[in-house]
Every structure is written in structure tokens, then in C-alpha cells.
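Printed here is model.cif (mmCIF, C-alpha atoms):
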```
data_work
loop_
_atom_site.label_atom_id
_atom_site.label_comp_id
_atom_site.auth_asym_id
_atom_site.auth_seq_id
_atom_site.Cartn_x
_atom_site.Cartn_y
_atom_site.Cartn_z
CA MET A 189 34.76 -2.69 -0.19
CA SER A 190 36.96 0.15 1.02
CA SER A 191 37.04 0.89 4.73
CA GLU A 192 39.25 3.98 4.32
CA LEU A 193 36.36 6.17 3.14
CA LEU A 194 34.20 4.97 6.02
CA GLY A 195 36.80 5.63 8.71
CA ASN A 196 35.05 8.87 9.73
CA VAL A 197 31.55 7.39 9.49
CA THR A 198 29.70 5.93 12.49
CA ALA A 199 26.56 3.85 11.96
CA VAL A 200 23.47 4.39 14.09
CA VAL A 201 20.90 1.58 13.99
CA LEU A 202 17.37 2.59 14.99
CA ALA A 203 16.20 -0.43 16.98
CA GLY A 204 13.69 1.03 19.41
CA GLY A 205 10.36 0.08 17.85
CA LEU A 206 7.73 -2.23 19.35
CA GLY A 207 7.28 -4.35 16.23
CA THR A 208 3.55 -4.67 16.86
CA ARG A 209 2.77 -6.34 13.53
CA VAL A 210 5.14 -9.26 14.18
CA GLN A 211 5.16 -9.35 17.98
CA HIS A 212 2.95 -12.46 18.08
CA LEU A 213 5.75 -14.32 16.26
CA LEU A 214 8.52 -13.19 18.59
CA ASN A 215 7.32 -14.41 22.01
CA GLY A 216 7.93 -10.99 23.54
CA ALA A 217 11.41 -10.47 22.09
CA PRO A 218 12.30 -7.12 20.48
CA LYS A 219 12.25 -7.14 16.68
CA PRO A 220 16.06 -6.87 16.26
CA LEU A 221 16.34 -10.23 18.06
CA ALA A 222 13.89 -11.95 15.70
CA PRO A 223 15.41 -15.33 14.75
CA VAL A 224 16.52 -15.32 11.11
CA ALA A 225 18.58 -18.12 9.58
CA GLY A 226 19.72 -19.33 12.99
CA ARG A 227 20.76 -15.94 14.37
CA PRO A 228 19.03 -12.79 15.63
CA PHE A 229 18.35 -10.38 12.78
CA VAL A 230 20.60 -7.72 14.33
CA ASP A 231 23.59 -10.03 13.85
CA TRP A 232 23.06 -10.07 10.08
CA LEU A 233 22.75 -6.31 10.07
CA LEU A 234 26.01 -5.90 11.99
CA LEU A 235 27.80 -8.41 9.75
CA TYR A 236 26.59 -6.49 6.71
CA LEU A 237 27.89 -3.21 8.13
CA ARG A 238 31.27 -4.73 8.92
CA ARG A 239 31.42 -6.29 5.44
CA ASN A 240 30.94 -2.77 4.07
CA GLY A 241 33.84 -1.42 6.10
CA LEU A 242 32.10 0.14 9.12
CA SER A 243 33.98 -0.19 12.40
CA ARG A 244 31.65 1.56 14.90
CA VAL A 245 27.93 1.04 15.40
CA VAL A 246 25.58 2.62 17.93
CA LEU A 247 22.22 0.96 18.53
CA SER A 248 19.34 3.20 19.55
CA THR A 249 17.12 0.92 21.62
CA GLY A 250 13.75 1.23 23.33
CA TYR A 251 11.51 -1.79 23.76
CA LYS A 252 13.35 -4.56 25.67
CA ALA A 253 16.56 -2.54 25.49
CA GLU A 254 18.32 -4.69 28.07
CA SER A 255 17.70 -7.84 26.02
CA ILE A 256 19.47 -6.27 23.05
CA ARG A 257 22.30 -5.00 25.24
CA ALA A 258 22.78 -8.44 26.79
CA HIS A 259 22.84 -10.10 23.39
CA LEU A 260 25.44 -7.71 21.98
CA ALA A 261 27.62 -8.31 25.03
CA GLU A 262 27.88 -11.94 23.89
CA VAL A 263 28.48 -11.25 20.18
CA THR A 264 31.96 -10.57 18.84
CA ILE A 265 32.45 -9.37 15.29
CA PRO A 266 36.16 -8.75 14.66
CA GLY A 267 36.88 -5.12 13.89
CA LEU A 268 33.46 -3.87 14.95
CA ALA A 269 32.79 -1.88 18.14
CA THR A 270 29.19 -1.53 19.31
CA ARG A 271 27.41 0.58 21.91
CA CYS A 272 23.76 0.60 23.00
CA VAL A 273 21.96 3.79 23.98
CA SER A 274 18.40 3.36 25.22
CA GLU A 275 15.44 5.74 25.19
CA ARG A 276 13.62 6.46 28.45
CA GLU A 277 10.53 7.32 26.40
CA PRO A 278 9.66 7.05 22.70
CA LEU A 279 11.59 9.78 20.87
CA GLY A 280 10.79 9.06 17.22
CA THR A 281 13.32 8.05 14.58
CA ALA A 282 15.26 11.32 14.55
CA GLY A 283 14.89 11.81 18.29
CA GLY A 284 16.27 8.34 18.92
CA PHE A 285 19.15 9.09 16.56
CA LEU A 286 20.08 12.30 18.41
CA ASN A 287 19.81 10.50 21.75
CA ALA A 288 22.12 7.75 20.48
CA VAL A 289 24.68 10.23 19.15
CA ALA A 290 24.77 12.05 22.49
CA GLY A 291 24.85 8.87 24.54
CA ALA A 292 27.51 7.06 22.55
CA ARG A 293 30.03 9.88 23.08
CA TRP A 294 31.85 9.05 19.86
CA ALA A 295 33.08 11.93 17.73
CA SER A 296 32.26 11.43 14.06
CA GLU A 297 32.25 13.57 10.91
CA TRP A 298 29.38 11.60 9.38
CA TRP A 299 26.54 9.47 10.77
CA LEU A 300 25.05 6.61 8.77
CA VAL A 301 21.49 6.02 9.97
CA LEU A 302 19.75 2.67 9.37
CA ASN A 303 16.53 1.03 10.44
CA GLY A 304 16.98 -2.00 12.67
CA ASP A 305 14.44 -4.07 10.76
CA THR A 306 15.60 -3.63 7.16
CA LEU A 307 18.47 -4.62 4.91
CA VAL A 308 19.35 -3.08 1.56
CA LEU A 309 22.31 -4.98 0.16
CA THR A 310 24.33 -2.37 -1.68
CA ASP A 311 27.85 -0.96 -1.55
CA LEU A 312 27.69 1.67 1.17
CA THR A 313 31.03 3.09 0.06
CA ARG A 314 29.40 4.22 -3.19
CA PHE A 315 26.54 5.82 -1.27
CA VAL A 316 28.88 7.70 1.06
CA GLN A 317 31.14 8.75 -1.82
CA GLU A 318 28.27 10.16 -3.89
CA VAL A 319 26.90 12.19 -0.99
CA ARG A 320 30.33 13.54 -0.05
CA ASP A 321 31.22 14.39 -3.64
CA SER A 322 27.95 16.32 -4.00
CA GLY A 323 28.97 18.75 -1.25
CA ASP A 324 25.61 18.23 0.49
CA ASP A 325 25.35 17.70 4.24
CA ALA A 326 22.84 14.84 4.05
CA GLY A 327 21.96 11.93 1.81
CA LEU A 328 19.13 9.43 1.43
CA LEU A 329 19.40 6.02 -0.21
CA SER A 330 16.47 5.21 -2.48
CA VAL A 331 15.92 1.61 -3.62
CA PHE A 332 13.91 0.49 -6.63
CA LEU A 333 10.93 -1.79 -5.93
CA GLN A 334 8.42 -3.33 -8.30
CA ASP A 335 5.63 -2.47 -5.84
CA THR A 336 5.86 0.83 -3.95
CA ALA A 337 2.38 0.69 -2.39
CA ARG A 338 3.50 -0.20 1.13
CA PHE A 339 6.40 2.24 1.28
CA GLY A 340 5.39 5.24 -0.79
CA ARG A 341 7.70 6.96 -3.26
CA VAL A 342 10.64 9.35 -3.04
CA ASN A 343 10.24 12.58 -5.00
CA ILE A 344 13.48 13.91 -6.49
CA ASP A 345 14.08 17.33 -8.04
CA ASP A 346 16.10 18.06 -11.20
CA GLN A 347 19.31 18.51 -9.20
CA GLY A 348 19.05 15.11 -7.52
CA HIS A 349 17.83 16.38 -4.16
CA LEU A 350 14.92 15.18 -2.04
CA ALA A 351 11.72 17.04 -2.93
CA GLY A 352 9.37 15.14 -0.61
CA PHE A 353 7.55 11.85 -0.26
CA THR A 354 4.40 10.41 -1.77
CA GLU A 355 2.99 8.26 1.01
CA LYS A 356 1.45 4.84 0.33
CA ALA A 357 1.27 5.22 -3.43
CA THR A 358 -0.47 2.84 -5.80
CA ALA A 359 1.08 -0.55 -6.52
CA GLU A 360 3.54 0.36 -9.25
CA PRO A 361 7.33 0.27 -9.76
CA GLY A 362 9.43 3.12 -8.43
CA PHE A 363 12.05 4.29 -5.96
CA VAL A 364 11.24 4.23 -2.25
CA ASN A 365 12.95 5.45 0.89
CA ALA A 366 15.28 2.65 2.02
CA GLY A 367 15.41 4.16 5.52
CA LEU A 368 19.16 4.69 5.18
CA TYR A 369 20.56 8.20 5.61
CA LEU A 370 23.97 9.88 5.76
CA ILE A 371 24.09 12.97 7.97
CA LYS A 372 27.08 15.26 8.36
CA ASN A 373 27.73 16.08 12.00
CA ARG A 374 27.32 19.83 11.50
CA ALA A 375 23.79 19.25 10.14
CA LEU A 376 22.68 18.08 13.59
CA GLU A 377 22.40 21.76 14.52
CA ARG A 378 19.63 22.07 11.91
CA PHE A 379 17.31 19.49 13.47
CA PRO A 380 14.00 20.88 14.80
CA ARG A 381 14.10 21.31 18.59
CA ARG A 382 11.17 19.17 19.67
CA LEU A 383 10.40 15.62 20.72
CA PRO A 384 9.34 13.15 19.58
CA LEU A 385 11.04 13.83 16.27
CA SER A 386 10.72 11.93 12.98
CA PHE A 387 13.08 12.07 10.01
CA GLU A 388 10.29 11.56 7.50
CA HIS A 389 7.62 13.78 9.07
CA ASP A 390 9.67 16.47 10.84
CA VAL A 391 13.35 16.76 9.91
CA PHE A 392 13.22 16.41 6.13
CA PRO A 393 10.06 18.55 5.72
CA SER A 394 11.65 21.25 7.89
CA TRP A 395 14.83 21.25 5.83
CA LEU A 396 12.83 21.41 2.61
CA ALA A 397 10.62 24.24 3.84
CA LYS A 398 13.48 26.36 5.20
CA GLY A 399 16.14 25.39 2.65
CA THR A 400 18.66 24.87 5.45
CA VAL A 401 19.97 21.42 4.40
CA ARG A 402 19.78 19.80 0.98
CA VAL A 403 19.35 16.03 0.97
CA ARG A 404 21.13 14.23 -1.87
CA VAL A 405 19.17 11.21 -3.12
CA VAL A 406 21.27 8.26 -4.29
CA LYS A 407 19.36 5.65 -6.27
CA CYS A 408 20.16 1.96 -6.27
CA GLU A 409 18.74 -1.34 -7.44
CA ALA A 410 19.56 -3.88 -4.75
CA PRO A 411 18.09 -6.79 -2.76
CA PHE A 412 15.83 -5.30 -0.07
CA LEU A 413 14.35 -6.90 3.05
CA ASP A 414 11.97 -5.46 5.61
CA ILE A 415 10.98 -7.82 8.45
CA GLY A 416 8.15 -5.58 9.62
CA THR A 417 5.31 -7.89 8.56
CA PRO A 418 4.66 -11.58 9.24
CA GLU A 419 4.98 -12.34 5.53
CA THR A 420 8.38 -10.67 5.14
CA LEU A 421 9.72 -12.06 8.42
CA MET A 422 8.89 -15.57 7.27
CA VAL A 423 11.03 -15.23 4.12
CA ALA A 424 13.92 -13.45 5.85
CA GLY A 425 15.91 -16.65 6.36
CA GLN A 426 15.81 -17.48 2.67
CA PHE A 427 16.82 -13.90 1.85
CA VAL A 428 19.92 -14.16 4.05
CA TYR A 429 20.82 -17.57 2.61
CA GLU A 430 20.50 -16.37 -0.99
CA HIS A 431 22.67 -13.33 -0.33
CA ARG A 432 25.09 -14.79 2.22
CA GLN A 433 28.15 -13.26 0.47
CA TRP A 434 27.07 -9.88 1.89
CA PHE A 435 27.64 -11.13 5.44
CA GLU A 436 30.96 -12.93 5.05
CA GLN A 437 33.97 -11.37 6.71
#
```
Would it be possible to restate this file's structure as C-alpha cells?
Amino acid sequence: MSSELLGNVTAVVLAGGLGTRVQHLLNGAPKPLAPVAGRPFVDWLLLYLRRNGLSRVVLSTGYKAESIRAHLAEVTIPGLATRCVSEREPLGTAGGFLNAVAGARWASEWWLVLNGDTLVLTDLTRFVQEVRDSGDDAGLLSVFLQDTARFGRVNIDDQGHLAGFTEKATAEPGFVNAGLYLIKNRALERFPRRLPLSFEHDVFPSWLAKGTVRVRVVKCEAPFLDIGTPETLMVAGQFVYEHRQWFEQ
């Protein structure tokens, strides 16, 4: 996977949630530190990003932020620089992202935004290339699932842009929001000026309503893991083992 294209891309991992649905399995630890296949889940996420060619990652932290910071201080992934930026109060997904961008003090042309409790194992170079080639200032990765009921569906217009979301749809196959976005730095000026701020409920609807930023949707069919429920957390280790080539350096 080419790292040249991703040289001007900085990843921001949203890792500030409480993880209430799985907290009873974590003994008080934050969800990114959930043990998966012998390592905290965040390690697999960072290894995946490095495998894809990313060299800089900012973690937006909230609950038990110091635990995550202390763990990352002990983890070395060659070629990968990490920084933690914590929230003083819950800011929402987009608010946490903006806080992390400001706090990291890294200049970047593009920001790759990921959830800290999911993995979608696809070539991120292709995703970045398709968004950049489109000329749009933002992109959303949409992954195909056999059952979209838990995640809802992504609505796409005839030009391949985001047209909205259908929340918690019926249990049928379709493309869902993978929680992975590419945002050009200049688009940050188009974020609504309020907090807390959500990508799904505030930023994207605002852009759609005002027509200020078009969001390119890139579809993929790829292995997908979300550790947000007890059932999915329990199979996470097997998922990593079955797809271990995505984490090898």
C-alpha cells in the first residue's frame, strides 16, 4: 500500500466515548483499551493505519483519557507518531475531531477520521485517491453489510454524493456508514459553530442543507468489526486472527 499519497493525510481516531454497552466487560477501562487477541484494541487500529501507510495519528480522548495516554507512551510502532488530545467535556464526534486537530498542532492538508471502536479492513489509499480525484472536499467510506438494521443506511445521489442517512433500517443488505471520513483542511471552516457537534446529526446535514461541502461516498465490500456490543467484542479476537495480514508491518 502506497504511503506517498498519504503523506499529507493525518488520521484522527475518535476514542472519547464511555462504551456503556460493554463497560461491564472492561473493568472500568476505556473501550479503546479493551483486550482483543492479547493486545488493547487501539493497538490493532494503529497497526492497521500504519500498514495502510499513515505516519501520524491523533487520538481524541475523553473517558479515562490518561489511561490511553499512558498506554500509548509504552507502545512503539515504527514509523508512526501519535498524540493524544483530551476533551474537558463531551464535545460530540465532530467537536472532538476539531478539538484534536487544534490540540495536536500538526499541519495537514487532509484529515482521516475514524471511530476508535471499529475496523473496516480496506485499502485506505484507494479511498483517499477516489475522494481526491473527485475534487470534493470531503469523503465518506460506506461498507456493505448483510444486515443494516443496527447501523442504518447511507443514501447516495446520482452523482455519488451523500444524500442523507436512513437511521436503523430494517434487517436487509445494504451500504452503511463505516464511520470513516476524509476531510480537507479548508472544509473545517464550514463546520457549524456550536458544541457539542456531531458529524452525522450536525455537520453532514448542515452541508447538505446549505450546499457548502459535497461529501463523496466511496463504497467498499470489506471485513468490518464494531466492538460496541458484548456480542461483537467477544468475537473481536477471532476477527483479528482471521485477518492478521492487515496488521503486519
(request) Can you work out which one of A:Gly250, A:Glu419, A:Pro228, A:Phe387 has the shortest atom-to-atom distance to Pro278 in chain A, counting all atoms listed in the file? (result)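 Going through A:Gly250, A:Glu419, A:Pro228, A:Phe387 one by one, the smallest distance to Pro278 in chain A is for A:Gly250.
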Please, what is the axis-aligned box for every listed atom of range 385-400 of chain A with 8 Å on each side, as centre and edge lengths in Å to one decimal, as AutoDock Vina command-line options?
```
--center_x 13.1 --center_y 19.0 --center_z 9.4 --size_x 27.0 --size_y 30.8 --size_z 29.7
```
Considering all atoms listed in the file, give me a table of residues in range 284-316 of chain A that are at most 10 Å from range 330-339 of chain A, with the closest atom pair and distance in Å for each, as CSV.
```
residue,atom,partner,partner_atom,distance
A:Val308,CA,A:Val331,CA,7.8
A:Leu309,CA,A:Val331,CA,9.9
A:Thr310,CA,A:Val331,CA,9.5
```
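In this model, the gap between CA of Leu383 in chain A and CA of Gly216 in chain A comes to 26.9 Å.
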(request) Excluding Pro223 in chain A and residues on its chain fewer than 3 positions from it, collect all residues at most 10 Å away from it, counting all atoms listed in the file, and give them as a PyMOL selection string. (result) chain A and resi 213-214+217+219-220+226-231+421-422+424-425
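Near Leu260 in chain A, within 10 Å and counting all atoms listed in the file, sit A:Val230, A:Asp231, A:Leu247, A:Glu254, A:Ser255, A:Ile256, A:Thr264, A:Ile265, A:Thr270, A:Arg271, A:Cys272, not including residues fewer than 4 positions from it in the same chain.
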(message) Give me, as a PyMOL selection string, all polymer residues having an atom no more than 8 Å from range 233-235 of chain A, counting all atoms listed in the file and skipping those fewer than 5 positions away in the same chain.
(response) chain A and resi 245+265+304+307+435-437
Pull C-alpha atoms from the residues just selected and write them as an mmCIF file, in the coordinates of the input.
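Result written to part07.cif:
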```
data_model
loop_
_atom_site.group_PDB
_atom_site.id
_atom_site.type_symbol
_atom_site.label_atom_id
_atom_site.label_comp_id
_atom_site.auth_asym_id
_atom_site.auth_seq_id
_atom_site.Cartn_x
_atom_site.Cartn_y
_atom_site.Cartn_z
ATOM 1 C CA VAL A 245 27.930 1.040 15.400
ATOM 2 C CA ILE A 265 32.450 -9.370 15.290
ATOM 3 C CA GLY A 304 16.980 -2.000 12.670
ATOM 4 C CA LEU A 307 18.470 -4.620 4.910
ATOM 5 C CA PHE A 435 27.640 -11.130 5.440
ATOM 6 C CA GLU A 436 30.960 -12.930 5.050
ATOM 7 C CA GLN A 437 33.970 -11.370 6.710
#
```
(message) Here's the selection I'm unsure about, the PyMOL selection byres ((chain A and resi 323) around 12); applied to the file above, which residues does it give, as a PyMOL selection string?
(response) chain A and resi 316-322+324-327+349+371-372+401-404
(request) Just give me the gap between CA of Asn287 in chain A and CA of Gly241 in chain A in Å, one decimal is fine. (result)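 These atoms are spaced 24.2 Å apart.
Of the listed residues (A:Thr306, A:Leu376, A:Thr358, A:His212), A:Leu376 comes nearest to Ala290 in chain A; the distances count all atoms listed in the file.
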(request) Would you translate the PyMOL selection byres ((chain A and resi 367) around 7) into the concrete set of residues it matches in this file, as JSON, numbers by chain? (result) {"A": [302, 303, 365, 366, 368, 369]}
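When only C-alpha atoms are used to measure the gap to Val246 in chain A, the shortest distance among A:Leu286, A:Ala199, A:Ala225, A:Leu279 belongs to A:Ala199.
Straight-line separation from CA of Val224 in chain A to CA of His259 in chain A: 14.8 Å.
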(message) Taking only C-alpha atoms into account, name the residue in A:Lys252, A:Arg239, A:Arg314, A:Arg276 that is nearest to Lys407 in chain A.
(response)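 Closest residue, counting only C-alpha atoms: A:Arg314.
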(message) My list of candidates is A:Leu312, A:Gly362, A:Leu221, A:Glu388. Which is closest to Ala258 in chain A when distances are computed with all atoms listed in the file?
(response) A:Leu221
